[in-house]
Amino acid sequence: MGSFADWPVVALRPVSRRLRRSFLDSKEQLVMRVELVHLAWRTARLTATISLLANLASGALLVAFIVSSGKLLGDISGAVGTGWDSGPARAVAMSLIATGLCFLGMQTLNPVKTGLGVLLTRQVDGAVRDRLAATSVNASGLAPFENQDLLKHLSVAKEGLEEGSRTPGSAVAGLLTLSGLYAQSFFAAALLVVLLPPLVGLSLLGGGLAIRRSHRIGLARESNINALKRAHLGKEAGYYRELGLGLPASKEIRVFGLERWLGGRFRDVSVRALETTVEERRAIHGNRFIPPVLVAVVVSALSLFWIGRQAVSGEISIEHLVMALQAGYVTLSIGNYFVEDWETQWGLVAHRAVESFRAGLDGRDEAAVSARRRADRRLPPMPRESLRFQDVSFRYTGGRDLVLNNLNLDVPVGRSLAIVGLNGAGKTTLVKLLTRLHEPTAGAIFVDGVDLLTLEPSHWRRNVAVIFQDYVRYQMSAAENIAFGDAAAAENRAAIRHAAERAGILELLDGLPRGLDTPLSSAYRDGVDISGGQWQRVALARAFYAVDAGAKILILDEPTASLDIRSEAALLDHFIDLTKGLTTIVISHRFATVRKADRIVTVEAGTVIEQGTHESLLAAGGQYQKLFELQAERFASVPGVDRRRSGEAE
């Protein structure tokens, strides 16, 4: 325990902490306003300036209305019994005109302010969305999108941008509206200082500002604590909602009777999110409003008592009394809770989430890091001679184990390579590294002797045509789905037809209601839904279109997974001819797909454990032979399936 002499320090410590917290809160509010002003200046300078002037003018007109209406009452009391042609009557007419003009000006500015606010919101939100989209699309790697902290910021940003009252644009518009409210309160307080002893006006203004500060700080703390946590619960609730309302899960929900379970889970998560919000608001706000409200009540009561006493004693005229009462109310009204407070605070949360995501992406995007090592080389189409993985290791963001471990692999240029292995062996990761969606944790990939990291990613990717196992089924026309293989170039209808023909899907697409222009989704007029196997052929056509556009490497991840045995056999019979002269990499669990490759490698635990031709690997009796026999036995046990015709065994 400290000595008795230390008691003042101990007693004042909570006060010191409170003052320090108060200073930090005030600083945070100032920083917030500066951020929003900067955002408005950067994205909608002219509209923001006009909107600010309109809001300030509206505040000034309100105080002018108070002055003119008070003068009008004073003139009326002085004109009683003087007749229409007297000087006092003419003064009444002038005051009435002035009051009417002020009222007309306020009513005219109201829709103008609303329209400017809507326009400003759209301009700012459009600019923020463009920045977010550009950041996401231009990121050359996938690693940042696998970071959970960044994804939380992205979720908050998307949620804010999708809700009209919580966007950065609504925050800017709300701030300018609040500027008009501040202006009218300050103008009214100035009027009180002129009409009454300065202490009355300053006390009322101070009471209103104290209440307002409590509102703002409470909202700021609530939003800072609540945003990311609420984003997680909101995301979970949104998933259950979309699951119950969407088409993909509708069959299983009904067949398995999941309706009640799904509804209960959605209700539980939603209630938990609401309870979390209520508890946080109670903890944050608590008794925060009681002291400033009590101060404002006492100040208002004393002010009204003093004004009333002065009026009764005749020391304040009726004119000044009316002005003072109206100005006092307007001055104190700055302490009201305005919807713009909520919009400003939560819109700023969305803006900060966007900026945090962008900053995190710049810091974590592996392509941005490798840019420091990269020379802007514009080389001819590659590879021409060699493609090699040398001592390559890789670990995903946040992962403990290496997915690839000191892997060495020579890809035969101009020929076909098949990669097989169990799930999780690292097969698809090889493709992600080759396409620069990730960068090696260690080692390097060399193309014609050039480190892949020294090539511009977008330039390199024009050499690569890839169809991933989870390829995208775009709800667009068949022609667009295929032409996305070379979206940078103008659509070539002849090349689209050629690619569709190579993939064996042209006849079906020509038979659709609008041919190649038919949307591949029944959600659109004249649109149709096609089967999974037909979609796989469309995806293959997309890859072939990229090849026709100049890609020298064709990568197919499970290219026949959705095809039946007969369709697979028909495609594979022509596969060698279709890919002749290309550097082709095929990843597949189906040995009918890989057996015709010029070289086959088996990957296990992130490294190549064997390689050779189909025949040599079978003769070696290693992992490939075991997997092949296991699959062949499975097909042999199915009645009516010819092992030779299935292509799964010799």
# chains A, B, ... in the order shown; residues from 1 in each chain; ligands from 1
$ select_by_dssp --residues "region 502-611 of chain A" --states "strand (DSSP E or B)" --output "list in words"
Pro519, Ile553, Leu554, Ile555, Leu556, Asp557, Thr583, Thr584, Ile585, Val586, Ile587, Arg599, Ile600, Val601, Thr602, Val603, Glu604, Thr607, Val608, Ile609, Glu610 and Gln611 of chain A
$ write_last_selection --atoms "N, CA, C and O atoms" --output "short mmCIF file (atom, residue, chain, number, x, y, z; two decimals), in the first residue's frame"
data_model
loop_
_atom_site.label_atom_id
_atom_site.label_comp_id
_atom_site.auth_asym_id
_atom_site.auth_seq_id
_atom_site.Cartn_x
_atom_site.Cartn_y
_atom_site.Cartn_z
N PRO A 519 -28.49 -17.36 -73.61
CA PRO A 519 -27.96 -17.34 -72.23
C PRO A 519 -28.00 -18.74 -71.63
O PRO A 519 -29.01 -19.45 -71.75
N ILE A 553 0.41 -23.11 -73.25
CA ILE A 553 0.26 -24.13 -72.21
C ILE A 553 -1.22 -24.34 -71.96
O ILE A 553 -1.96 -23.38 -71.72
N LEU A 554 -1.66 -25.59 -72.03
CA LEU A 554 -3.05 -25.94 -71.76
C LEU A 554 -3.08 -26.77 -70.49
O LEU A 554 -2.47 -27.84 -70.42
N ILE A 555 -3.79 -26.26 -69.47
CA ILE A 555 -3.88 -26.95 -68.19
C ILE A 555 -5.33 -27.33 -67.95
O ILE A 555 -6.22 -26.48 -67.96
N LEU A 556 -5.56 -28.61 -67.72
CA LEU A 556 -6.91 -29.13 -67.51
C LEU A 556 -6.94 -29.87 -66.17
O LEU A 556 -6.28 -30.89 -66.00
N ASP A 557 -7.71 -29.33 -65.24
CA ASP A 557 -7.85 -29.94 -63.91
C ASP A 557 -9.15 -30.73 -63.89
O ASP A 557 -10.24 -30.16 -63.88
N THR A 583 2.01 -27.59 -74.91
CA THR A 583 2.47 -28.09 -73.62
C THR A 583 1.22 -28.30 -72.78
O THR A 583 0.58 -27.33 -72.34
N THR A 584 0.83 -29.54 -72.59
CA THR A 584 -0.44 -29.87 -71.95
C THR A 584 -0.21 -30.52 -70.59
O THR A 584 0.59 -31.45 -70.47
N ILE A 585 -0.90 -30.00 -69.59
CA ILE A 585 -0.84 -30.57 -68.24
C ILE A 585 -2.24 -30.99 -67.85
O ILE A 585 -3.16 -30.16 -67.84
N VAL A 586 -2.41 -32.27 -67.55
CA VAL A 586 -3.72 -32.81 -67.20
C VAL A 586 -3.65 -33.36 -65.78
O VAL A 586 -2.76 -34.15 -65.45
N ILE A 587 -4.59 -32.92 -64.94
CA ILE A 587 -4.71 -33.45 -63.58
C ILE A 587 -6.01 -34.23 -63.52
O ILE A 587 -7.07 -33.70 -63.86
N ARG A 599 4.00 -38.21 -70.64
CA ARG A 599 4.66 -38.49 -69.38
C ARG A 599 3.64 -38.37 -68.26
O ARG A 599 2.76 -37.50 -68.29
N ILE A 600 3.78 -39.22 -67.25
CA ILE A 600 2.89 -39.22 -66.10
C ILE A 600 3.75 -39.11 -64.85
O ILE A 600 4.77 -39.79 -64.73
N VAL A 601 3.36 -38.23 -63.91
CA VAL A 601 4.06 -38.13 -62.64
C VAL A 601 3.06 -38.38 -61.51
O VAL A 601 1.88 -38.01 -61.61
N THR A 602 3.54 -39.03 -60.47
CA THR A 602 2.73 -39.26 -59.27
C THR A 602 3.25 -38.35 -58.17
O THR A 602 4.45 -38.33 -57.88
N VAL A 603 2.33 -37.59 -57.59
CA VAL A 603 2.68 -36.66 -56.52
C VAL A 603 2.13 -37.18 -55.21
O VAL A 603 0.97 -37.60 -55.12
N GLU A 604 2.98 -37.16 -54.20
CA GLU A 604 2.57 -37.60 -52.86
C GLU A 604 3.27 -36.73 -51.83
O GLU A 604 4.49 -36.52 -51.90
N THR A 607 5.55 -33.85 -53.20
CA THR A 607 6.76 -34.08 -53.98
C THR A 607 6.51 -35.16 -55.02
O THR A 607 5.58 -35.97 -54.88
N VAL A 608 7.31 -35.16 -56.08
CA VAL A 608 7.18 -36.18 -57.13
C VAL A 608 7.88 -37.45 -56.67
O VAL A 608 9.08 -37.43 -56.35
N ILE A 609 7.12 -38.55 -56.61
CA ILE A 609 7.71 -39.80 -56.14
C ILE A 609 8.01 -40.77 -57.28
O ILE A 609 8.79 -41.71 -57.11
N GLU A 610 7.38 -40.56 -58.45
CA GLU A 610 7.68 -41.41 -59.60
C GLU A 610 7.18 -40.73 -60.86
O GLU A 610 6.27 -39.90 -60.82
N GLN A 611 7.79 -41.08 -62.00
CA GLN A 611 7.36 -40.53 -63.28
C GLN A 611 7.77 -41.47 -64.39
O GLN A 611 8.71 -42.24 -64.27
#
$ closest_residue --among "A:Gly141, A:Val322, A:Leu73, A:Ala541" --to "Ile307 (chain A)" --atoms "only C-alpha atoms"
A:Val322
$ atom_distance --atom1 "CA of Met32 (chain A)" --atom2 "CA of Thr114 (chain A)"
22.9 Å
$ select_by_dssp --residues "region 323-471 of chain A" --states "helix (DSSP H, G or I)" --output "PyMOL selection string"
chain A and resi 323-335+339-364+366-371+427-434+452-454+457-461
$ atom_distance --atom1 "CA of Leu348 (chain A)" --atom2 "CA of Pro168 (chain A)"
5.7 Å
$ atom_distance --atom1 "CA of Ala539 (chain A)" --atom2 "CA of Arg514 (chain A)"
19.4 Å
$ closest_residue --among "A:Arg388, A:Lys427, A:Arg122, A:Lys580" --to "Asn408 (chain A)" --atoms "only C-alpha atoms"
A:Arg388
